There are 2 protein chains.
Amino acid sequence: MTATKKLDLDALLSSQYFVVGLDEALRDRLLASATQQPLAADEHLFMQGDSASRFYIVHKGQLKLYRNSAKGSERIMGLVSAGDSFAEGIVFMQPPRYPVNARALVASSVVGVQREAFLAILSESFPACLSVMAQMAKRIQNLMNEIEALTLQNGRYRLIRFLYSLLPNDHSQAPTTVHLPARKREVAARLSMQPETLSRLLKLLCQDGLINVQGDRINILDPDALRKLTLP
Amino acid sequence: MTATKKLDLDALLSSQYFVVGLDEALRDRLLASATQQPLAADEHLFMQGDSASRFYIVHKGQLKLYRNSAKGSERIMGLVSAGDSFAEGIVFMQPPRYPVNARALVASSVVGVQREAFLAILSESFPACLSVMAQMAKRIQNLMNEIEALTLQNGRYRLIRFLYSLLPNDHSQAPTTVHLPARKREVAARLSMQPETLSRLLKLLCQDGLINVQGDRINILDPDALRKLTLP
DNA sequence: CGCACGCCTTGAGTTAGGTCAAGCACCTGA
DNA sequence: TCAGGTGCTTGACCTAACTCAAGGCGTGCG
């Protein structure tokens, strides 16, 4: 690994929530256990049920985390991009097994962190434990929100919340253009709907004058009106 | 508080996952911070958004954890009974606020654990941190499973999984009678469906010869057939 | 250049489940 | 014993979203 790449990894890791709060010595130990791995588009990093010894951080590109349903359709549990970590949960599992499938949507590169090394480091740093626990608590929050959105609301409402979540949170009320974080079929799966339904809903929102769609660019004409629609 | 009650509390707390792994001194400190509180049927313990200084363990009775939707309907996030802990997430939140409403379904009694005291104890015991983290990881798993069930499957499938989860896991194939853990309207809400739909689905399962319904007793005629239906 | 392949959109028909309203069974208190 | 309440069931209707099928449109490759 070149010096540049090492620096690169260092920066990527240091920005992670579970590294903030580590002193330099511990961070170096964690970094020493980290490995980089390239992925071709559509390549699987791991499958649900695989025995797990590492969790990952996205270095470049994008992956989808998903499960397969009965009939071959898939439920997307998350879309992760550069800087995001995923599958940290395996650290605390006994035995550790990946709870989802992970597959690159485009050519990507991930950094793997050794489960054992991470556990050893946690055992020496309570602040690190705290930030990990805080992060997990937040994740539980998000999942509960997701369940709420899935069960209480209809597709239109879910799409509106999703679009709103894409806005930069500067709370400006000026029209803003956002990029869909994946192909429309992936976005549809993320929102638990069929591509056809997403297409139709987007068209309806256009007709209502709320947005403007050009491929994967969506112009939010009135962020504030959208925000109002995300509230009860 | 009488001596008997204290012993009672001691036993209840000691069986909690976040107490296993604490040495005696720490456990006593935690116990000292614990308070018991009775609840009348339908009484609220806390509301979503309330500032939180304690999390709870059910001592007697049953509570529902739920959120309100836009239109007054409610989504049940959990049903907790004697021995279950809930709202532990507030320990790691900044600021700590309850993420759901908690309301007694019947006359109940809960034990509250001080957030600050718990944090102080965690800071001194890595094994306690580990079991908390493990538990949170498991909870994340469960929520992901729930999301999967909600999105990939239809109501019939969800009901079947739910009934299957009620079976004692001795894997016997003999007909077994289980009790619904709450009134049917609560069960319906838990499964994200209307009471009418639950009623119709139960009837269909009866007609298929899978179960027999008498009030809140459900006789599972063929556990193995049910298990097969929970699989892809 | 033009052909083929993905991806998206559009249309038409179908269905699971929600809504509304009525009726039934059980309990409780006067 | 009966009146009223509560919870459950049943029926009739309706709507959101799925499925299947066809057509458009852009992109890469021969």
# chains A, B, ... in the order shown; residues from 1 in each chain; ligands from 1
$ calpha_fit_and_write --fixed "chain A" --moving "chain B" --output "mmCIF file with C-alpha atoms, in the first residue's frame"
data_model
loop_
_atom_site.group_PDB
_atom_site.id
_atom_site.type_symbol
_atom_site.label_atom_id
_atom_site.label_comp_id
_atom_site.auth_asym_id
_atom_site.auth_seq_id
_atom_site.Cartn_x
_atom_site.Cartn_y
_atom_site.Cartn_z
ATOM 1 C CA MET B 1 0.142 -0.181 0.056
ATOM 2 C CA THR B 2 1.554 3.216 -0.840
ATOM 3 C CA ALA B 3 2.068 5.998 1.671
ATOM 4 C CA THR B 4 -0.612 8.070 0.025
ATOM 5 C CA LYS B 5 -3.115 5.277 0.318
ATOM 6 C CA LYS B 6 -2.244 4.819 3.942
ATOM 7 C CA LEU B 7 -2.874 8.489 4.644
ATOM 8 C CA ASP B 8 -6.099 8.204 2.759
ATOM 9 C CA LEU B 9 -7.230 5.290 4.910
ATOM 10 C CA ASP B 10 -6.129 7.087 8.026
ATOM 11 C CA ALA B 11 -8.302 10.066 7.200
ATOM 12 C CA LEU B 12 -11.264 7.869 6.302
ATOM 13 C CA LEU B 13 -11.048 5.910 9.529
ATOM 14 C CA SER B 14 -10.401 8.900 11.734
ATOM 15 C CA SER B 15 -13.671 10.471 10.651
ATOM 16 C CA GLN B 16 -15.652 7.437 11.806
ATOM 17 C CA TYR B 17 -17.787 7.820 14.893
ATOM 18 C CA PHE B 18 -16.252 4.762 16.548
ATOM 19 C CA VAL B 19 -12.739 6.140 16.122
ATOM 20 C CA VAL B 20 -13.409 9.618 17.453
ATOM 21 C CA GLY B 21 -12.604 9.280 21.131
ATOM 22 C CA LEU B 22 -9.717 6.854 20.646
ATOM 23 C CA ASP B 23 -6.256 7.979 21.605
ATOM 24 C CA GLU B 24 -3.513 7.760 19.020
ATOM 25 C CA ALA B 25 -2.105 4.418 20.097
ATOM 26 C CA LEU B 26 -5.469 2.704 19.895
ATOM 27 C CA ARG B 27 -6.261 4.324 16.563
ATOM 28 C CA ASP B 28 -3.014 3.093 15.134
ATOM 29 C CA ARG B 29 -3.781 -0.428 16.289
ATOM 30 C CA LEU B 30 -7.169 -0.277 14.604
ATOM 31 C CA LEU B 31 -5.659 1.115 11.439
ATOM 32 C CA ALA B 32 -3.123 -1.713 11.403
ATOM 33 C CA SER B 33 -5.940 -4.233 11.247
ATOM 34 C CA ALA B 34 -7.731 -2.440 8.411
ATOM 35 C CA THR B 35 -7.601 -3.755 4.860
ATOM 36 C CA GLN B 36 -8.701 -2.227 1.615
ATOM 37 C CA GLN B 37 -10.658 -4.171 -0.967
ATOM 38 C CA PRO B 38 -11.812 -3.158 -4.454
ATOM 39 C CA LEU B 39 -15.191 -4.248 -5.803
ATOM 40 C CA ALA B 40 -16.407 -4.407 -9.375
ATOM 41 C CA ALA B 41 -19.890 -3.135 -10.183
ATOM 42 C CA ASP B 42 -22.482 -5.740 -9.145
ATOM 43 C CA GLU B 43 -19.923 -7.693 -7.167
ATOM 44 C CA HIS B 44 -21.043 -9.053 -3.819
ATOM 45 C CA LEU B 45 -18.971 -8.182 -0.759
ATOM 46 C CA PHE B 46 -20.796 -10.648 1.462
ATOM 47 C CA MET B 47 -24.065 -12.537 1.621
ATOM 48 C CA GLN B 48 -26.637 -12.713 4.377
ATOM 49 C CA GLY B 49 -25.700 -15.514 6.749
ATOM 50 C CA ASP B 50 -21.995 -15.528 5.888
ATOM 51 C CA SER B 51 -19.694 -15.920 8.841
ATOM 52 C CA ALA B 52 -18.304 -12.465 9.588
ATOM 53 C CA SER B 53 -14.868 -11.409 10.762
ATOM 54 C CA ARG B 54 -14.901 -7.812 9.492
ATOM 55 C CA PHE B 55 -17.201 -4.886 9.184
ATOM 56 C CA TYR B 56 -16.718 -2.222 6.531
ATOM 57 C CA ILE B 57 -16.449 1.413 5.580
ATOM 58 C CA VAL B 58 -17.121 2.616 2.034
ATOM 59 C CA HIS B 59 -14.032 4.245 0.603
ATOM 60 C CA LYS B 60 -15.280 4.920 -2.927
ATOM 61 C CA GLY B 61 -18.455 4.113 -4.803
ATOM 62 C CA GLN B 62 -21.783 2.862 -3.527
ATOM 63 C CA LEU B 63 -23.219 -0.390 -2.193
ATOM 64 C CA LYS B 64 -26.681 -1.618 -1.472
ATOM 65 C CA LEU B 65 -27.533 -3.642 1.612
ATOM 66 C CA TYR B 66 -30.505 -5.852 0.964
ATOM 67 C CA ARG B 67 -32.347 -9.024 1.717
ATOM 68 C CA ASN B 68 -34.078 -11.411 -0.577
ATOM 69 C CA SER B 69 -37.734 -12.076 -0.152
ATOM 70 C CA ALA B 70 -39.663 -15.226 -0.767
ATOM 71 C CA LYS B 71 -40.254 -14.584 -4.426
ATOM 72 C CA GLY B 72 -36.883 -13.248 -5.540
ATOM 73 C CA SER B 73 -37.769 -9.606 -5.025
ATOM 74 C CA GLU B 74 -35.442 -7.744 -2.732
ATOM 75 C CA ARG B 75 -35.832 -5.353 0.139
ATOM 76 C CA ILE B 76 -33.153 -2.643 0.323
ATOM 77 C CA MET B 77 -32.175 -2.055 3.936
ATOM 78 C CA GLY B 78 -29.711 0.673 3.139
ATOM 79 C CA LEU B 79 -27.693 2.456 0.462
ATOM 80 C CA VAL B 80 -24.180 3.324 1.607
ATOM 81 C CA SER B 81 -21.737 5.712 -0.028
ATOM 82 C CA ALA B 82 -18.209 6.963 0.592
ATOM 83 C CA GLY B 83 -17.586 7.523 4.304
ATOM 84 C CA ASP B 84 -20.455 5.345 5.533
ATOM 85 C CA SER B 85 -19.748 2.335 7.718
ATOM 86 C CA PHE B 86 -21.945 -0.736 7.689
ATOM 87 C CA ALA B 87 -22.390 -4.155 9.301
ATOM 88 C CA GLU B 88 -20.864 -2.954 12.579
ATOM 89 C CA GLY B 89 -23.518 -5.078 14.279
ATOM 90 C CA ILE B 90 -21.498 -8.236 13.638
ATOM 91 C CA VAL B 91 -18.974 -7.128 16.230
ATOM 92 C CA PHE B 92 -21.371 -8.036 19.014
ATOM 93 C CA MET B 93 -23.013 -11.082 17.536
ATOM 94 C CA GLN B 94 -22.360 -14.566 18.777
ATOM 95 C CA PRO B 95 -21.751 -16.163 16.332
ATOM 96 C CA PRO B 96 -21.059 -13.247 14.001
ATOM 97 C CA ARG B 97 -23.016 -13.534 10.736
ATOM 98 C CA TYR B 98 -23.859 -10.827 8.249
ATOM 99 C CA PRO B 99 -27.540 -9.916 8.560
ATOM 100 C CA VAL B 100 -27.904 -8.700 4.934
ATOM 101 C CA ASN B 101 -26.399 -9.062 1.487
ATOM 102 C CA ALA B 102 -23.972 -6.337 0.403
ATOM 103 C CA ARG B 103 -23.402 -5.676 -3.277
ATOM 104 C CA ALA B 104 -21.608 -2.893 -5.122
ATOM 105 C CA LEU B 105 -23.871 -0.822 -7.342
ATOM 106 C CA VAL B 106 -20.891 0.686 -9.146
ATOM 107 C CA ALA B 107 -17.167 -0.051 -9.049
ATOM 108 C CA SER B 108 -16.257 0.631 -5.420
ATOM 109 C CA SER B 109 -13.672 0.192 -2.748
ATOM 110 C CA VAL B 110 -14.220 -0.682 0.895
ATOM 111 C CA VAL B 111 -12.089 -0.783 4.012
ATOM 112 C CA GLY B 112 -12.533 -3.756 6.321
ATOM 113 C CA VAL B 113 -12.001 -3.570 10.074
ATOM 114 C CA GLN B 114 -11.187 -6.738 12.016
ATOM 115 C CA ARG B 115 -13.897 -7.644 14.497
ATOM 116 C CA GLU B 116 -11.433 -9.043 17.048
ATOM 117 C CA ALA B 117 -9.175 -6.020 16.879
ATOM 118 C CA PHE B 118 -12.124 -3.714 17.296
ATOM 119 C CA LEU B 119 -13.433 -5.618 20.309
ATOM 120 C CA ALA B 120 -9.994 -5.517 21.917
ATOM 121 C CA ILE B 121 -9.859 -1.768 21.468
ATOM 122 C CA LEU B 122 -13.336 -1.201 22.830
ATOM 123 C CA SER B 123 -12.358 -3.116 25.944
ATOM 124 C CA GLU B 124 -9.701 -0.494 26.603
ATOM 125 C CA SER B 125 -11.643 2.676 25.857
ATOM 126 C CA PHE B 126 -14.898 3.558 27.519
ATOM 127 C CA PRO B 127 -15.372 6.709 25.421
ATOM 128 C CA ALA B 128 -15.220 4.503 22.327
ATOM 129 C CA CYS B 129 -17.841 2.215 23.871
ATOM 130 C CA LEU B 130 -20.013 5.230 24.539
ATOM 131 C CA SER B 131 -19.870 6.540 20.999
ATOM 132 C CA VAL B 132 -20.589 3.092 19.627
ATOM 133 C CA MET B 133 -23.560 2.732 21.942
ATOM 134 C CA ALA B 134 -24.788 6.196 21.062
ATOM 135 C CA GLN B 135 -24.545 5.362 17.405
ATOM 136 C CA MET B 136 -26.427 2.118 17.868
ATOM 137 C CA ALA B 137 -29.127 3.936 19.782
ATOM 138 C CA LYS B 138 -29.457 6.364 16.899
ATOM 139 C CA ARG B 139 -29.679 3.506 14.455
ATOM 140 C CA ILE B 140 -32.480 1.984 16.496
ATOM 141 C CA GLN B 141 -34.231 5.334 16.299
ATOM 142 C CA ASN B 142 -33.857 5.438 12.546
ATOM 143 C CA LEU B 143 -35.188 1.933 12.144
ATOM 144 C CA MET B 144 -38.178 2.766 14.308
ATOM 145 C CA ASN B 145 -38.805 5.818 12.169
ATOM 146 C CA GLU B 146 -38.606 3.658 9.111
ATOM 147 C CA ILE B 147 -41.109 1.207 10.531
ATOM 148 C CA GLU B 148 -43.370 4.105 11.308
ATOM 149 C CA ALA B 149 -43.078 5.449 7.790
ATOM 150 C CA LEU B 150 -43.718 2.040 6.306
ATOM 151 C CA THR B 151 -46.787 1.276 8.335
ATOM 152 C CA LEU B 152 -48.506 4.542 9.043
ATOM 153 C CA GLN B 153 -48.126 6.125 5.685
ATOM 154 C CA ASN B 154 -48.903 5.535 2.065
ATOM 155 C CA GLY B 155 -46.499 5.509 -0.827
ATOM 156 C CA ARG B 156 -46.991 9.148 -1.722
ATOM 157 C CA TYR B 157 -46.139 10.207 1.809
ATOM 158 C CA ARG B 158 -43.055 8.009 1.898
ATOM 159 C CA LEU B 159 -41.808 9.453 -1.359
ATOM 160 C CA ILE B 160 -42.323 12.994 -0.117
ATOM 161 C CA ARG B 161 -40.373 12.291 3.064
ATOM 162 C CA PHE B 162 -37.633 10.720 1.022
ATOM 163 C CA LEU B 163 -37.379 13.699 -1.312
ATOM 164 C CA TYR B 164 -37.358 16.008 1.666
ATOM 165 C CA SER B 165 -34.515 14.035 3.231
ATOM 166 C CA LEU B 166 -32.474 14.600 0.077
ATOM 167 C CA LEU B 167 -32.570 18.363 0.483
ATOM 168 C CA PRO B 168 -29.472 20.015 1.976
ATOM 169 C CA ASN B 169 -30.607 21.096 5.414
ATOM 170 C CA ASP B 170 -30.032 24.774 4.981
ATOM 171 C CA HIS B 171 -33.807 25.175 5.159
ATOM 172 C CA SER B 172 -33.824 27.523 2.234
ATOM 173 C CA GLN B 173 -37.173 27.910 0.588
ATOM 174 C CA ALA B 174 -35.801 28.449 -2.888
ATOM 175 C CA PRO B 175 -36.279 25.784 -5.544
ATOM 176 C CA THR B 176 -33.461 23.261 -5.266
ATOM 177 C CA THR B 177 -32.317 20.475 -7.536
ATOM 178 C CA VAL B 178 -31.412 17.182 -5.907
ATOM 179 C CA HIS B 179 -29.952 14.007 -7.351
ATOM 180 C CA LEU B 180 -31.517 10.627 -6.728
ATOM 181 C CA PRO B 181 -28.893 8.607 -4.814
ATOM 182 C CA ALA B 182 -29.354 5.545 -7.054
ATOM 183 C CA ARG B 183 -31.255 4.312 -10.083
ATOM 184 C CA LYS B 184 -34.984 4.702 -9.822
ATOM 185 C CA ARG B 185 -35.548 0.989 -9.386
ATOM 186 C CA GLU B 186 -33.295 1.055 -6.333
ATOM 187 C CA VAL B 187 -35.029 4.094 -4.968
ATOM 188 C CA ALA B 188 -38.368 2.394 -5.484
ATOM 189 C CA ALA B 189 -37.172 -0.675 -3.602
ATOM 190 C CA ARG B 190 -35.847 1.569 -0.827
ATOM 191 C CA LEU B 191 -39.335 3.022 -0.537
ATOM 192 C CA SER B 192 -40.962 -0.418 -0.659
ATOM 193 C CA MET B 193 -42.786 0.123 -3.892
ATOM 194 C CA GLN B 194 -42.622 -1.033 -7.472
ATOM 195 C CA PRO B 195 -40.767 1.042 -10.076
ATOM 196 C CA GLU B 196 -44.088 1.581 -11.830
ATOM 197 C CA THR B 197 -45.596 3.057 -8.705
ATOM 198 C CA LEU B 198 -42.642 5.379 -8.162
ATOM 199 C CA SER B 199 -42.989 6.571 -11.728
ATOM 200 C CA ARG B 200 -46.696 7.273 -11.302
ATOM 201 C CA LEU B 201 -46.221 9.047 -7.972
ATOM 202 C CA LEU B 202 -43.483 11.279 -9.367
ATOM 203 C CA LYS B 203 -45.794 12.192 -12.191
ATOM 204 C CA LEU B 204 -48.555 13.079 -9.759
ATOM 205 C CA LEU B 205 -46.201 15.323 -7.761
ATOM 206 C CA CYS B 206 -45.236 17.020 -11.017
ATOM 207 C CA GLN B 207 -48.876 17.594 -11.868
ATOM 208 C CA ASP B 208 -49.359 19.093 -8.416
ATOM 209 C CA GLY B 209 -46.583 21.560 -9.274
ATOM 210 C CA LEU B 210 -44.395 20.414 -6.381
ATOM 211 C CA ILE B 211 -41.460 19.064 -8.337
ATOM 212 C CA ASN B 212 -39.952 18.749 -11.789
ATOM 213 C CA VAL B 213 -38.291 15.559 -12.939
ATOM 214 C CA GLN B 214 -35.491 15.256 -15.473
ATOM 215 C CA GLY B 215 -33.967 11.812 -15.311
ATOM 216 C CA ASP B 216 -32.314 11.454 -11.908
ATOM 217 C CA ARG B 217 -32.407 15.185 -11.239
ATOM 218 C CA ILE B 218 -35.406 16.350 -9.332
ATOM 219 C CA ASN B 219 -36.134 20.003 -8.996
ATOM 220 C CA ILE B 220 -37.939 20.703 -5.754
ATOM 221 C CA LEU B 221 -39.974 23.740 -6.680
ATOM 222 C CA ASP B 222 -41.269 24.511 -3.216
ATOM 223 C CA PRO B 223 -39.264 22.917 -0.381
ATOM 224 C CA ASP B 224 -41.506 24.460 2.211
ATOM 225 C CA ALA B 225 -44.684 23.034 0.710
ATOM 226 C CA LEU B 226 -42.949 19.657 0.674
ATOM 227 C CA ARG B 227 -41.973 20.007 4.313
ATOM 228 C CA LYS B 228 -45.545 20.736 5.244
ATOM 229 C CA LEU B 229 -46.618 17.542 3.545
ATOM 230 C CA THR B 230 -44.166 15.498 5.626
ATOM 231 C CA LEU B 231 -45.843 16.609 8.811
ATOM 232 C CA PRO B 232 -49.025 15.212 10.317
#
$ interface_residues --of "chain D" --to "chain A" --cutoff "10 Å" --atoms "only C-alpha atoms (C1' of nucleotides)" --output "PyMOL selection string"
chain D and resi 16-18
$ residues_around --residues "DC2 (chain D)" --least-positions-apart "3" --cutoff "12 Å" --atoms "only C-alpha atoms (C1' of nucleotides)" --output "ChimeraX atom specification"
/C:28-30
$ write_last_selection --atoms "N, CA and C atoms (P, O5', C5', C4', C3', O3' and C1' of nucleotides)" --output "CSV table (one decimal), in the first residue's frame"
chain,number,residue,atom,x,y,z
C,28,DT,P,-67.6,-8.8,34.1
C,28,DT,O5',-67.7,-7.2,34.4
C,28,DT,C5',-68.0,-6.3,33.4
C,28,DT,C4',-69.1,-5.3,33.9
C,28,DT,C3',-69.4,-5.4,35.4
C,28,DT,O3',-69.5,-4.1,35.9
C,28,DT,C1',-71.4,-5.6,34.1
C,29,DG,P,-69.6,-3.9,37.5
C,29,DG,O5',-70.2,-2.4,37.6
C,29,DG,C5',-70.7,-1.8,36.4
C,29,DG,C4',-72.2,-1.4,36.6
C,29,DG,C3',-72.7,-1.2,38.1
C,29,DG,O3',-73.6,-0.2,38.1
C,29,DG,C1',-74.0,-2.8,37.0
C,30,DA,P,-74.1,0.4,39.5
C,30,DA,O5',-75.7,0.5,39.2
C,30,DA,C5',-76.2,1.3,38.1
C,30,DA,C4',-77.6,0.9,37.8
C,30,DA,C3',-78.6,1.1,39.0
C,30,DA,O3',-79.8,1.7,38.5
C,30,DA,C1',-78.6,-1.1,38.2
$ select_by_dssp --residues "region 135-221 of chain B" --states "helix (DSSP H, G or I)" --output "MDAnalysis selection string"
chainID B and resid 135:152 155:166 184:190 195:207
$ residues_around --residues "region 21-30 of chain D" --least-positions-apart "5" --cutoff "12 Å" --atoms "only C-alpha atoms (C1' of nucleotides)" --output "list in words"
Gly215 of chain A; DC1, DG2, DC3, DA4, DC5, DG6, DC7, DC8, DT9, DT10, DG11, DA12 and DG13 of chain C
$ closest_atom_pairs --of "chain C" --to "chain B" --cutoff "9 Å" --atoms "only C-alpha atoms (C1' of nucleotides)" --output "tab-separated table"
residue	atom	partner	partner_atom	distance
C:DA16	C1'	B:Asn154	CA	8.2
C:DG17	C1'	B:Thr197	CA	7.2
C:DG18	C1'	B:Gln194	CA	7.6
$ write_last_selection --atoms "C-alpha atoms (C1' of nucleotides)" --output "short mmCIF file (atom, residue, chain, number, x, y, z; two decimals), in the first residue's frame"
data_model
loop_
_atom_site.label_atom_id
_atom_site.label_comp_id
_atom_site.auth_asym_id
_atom_site.auth_seq_id
_atom_site.Cartn_x
_atom_site.Cartn_y
_atom_site.Cartn_z
"C1'" DA C 16 -55.40 -7.07 -0.89
"C1'" DG C 17 -56.76 -4.55 2.44
"C1'" DG C 18 -58.96 -0.26 4.28
#
$ residues_around --residues "DA25 (chain C)" --least-positions-apart "2" --cutoff "12 Å" --atoms "only C-alpha atoms (C1' of nucleotides)" --output "PDB file with C-alpha atoms (C1' of nucleotides), in the first residue's frame"
ATOM      1  CA  GLY B 215     -61.656 -16.051  21.897  1.00  0.00           C
TER       2      GLY B 215
ATOM      3  C1'  DG C  23     -75.171  -7.115  13.836  1.00  0.00           C
ATOM      4  C1'  DC C  27     -70.052  -8.684  30.557  1.00  0.00           C
TER       5       DC C  27
ATOM      6  C1'  DT D   6     -67.335  -3.103  24.718  1.00  0.00           C
ATOM      7  C1'  DG D   7     -65.095  -5.953  21.590  1.00  0.00           C
ATOM      8  C1'  DC D   8     -65.433  -8.955  17.804  1.00  0.00           C
ATOM      9  C1'  DT D   9     -67.302 -10.397  13.392  1.00  0.00           C
TER      10       DT D   9
END
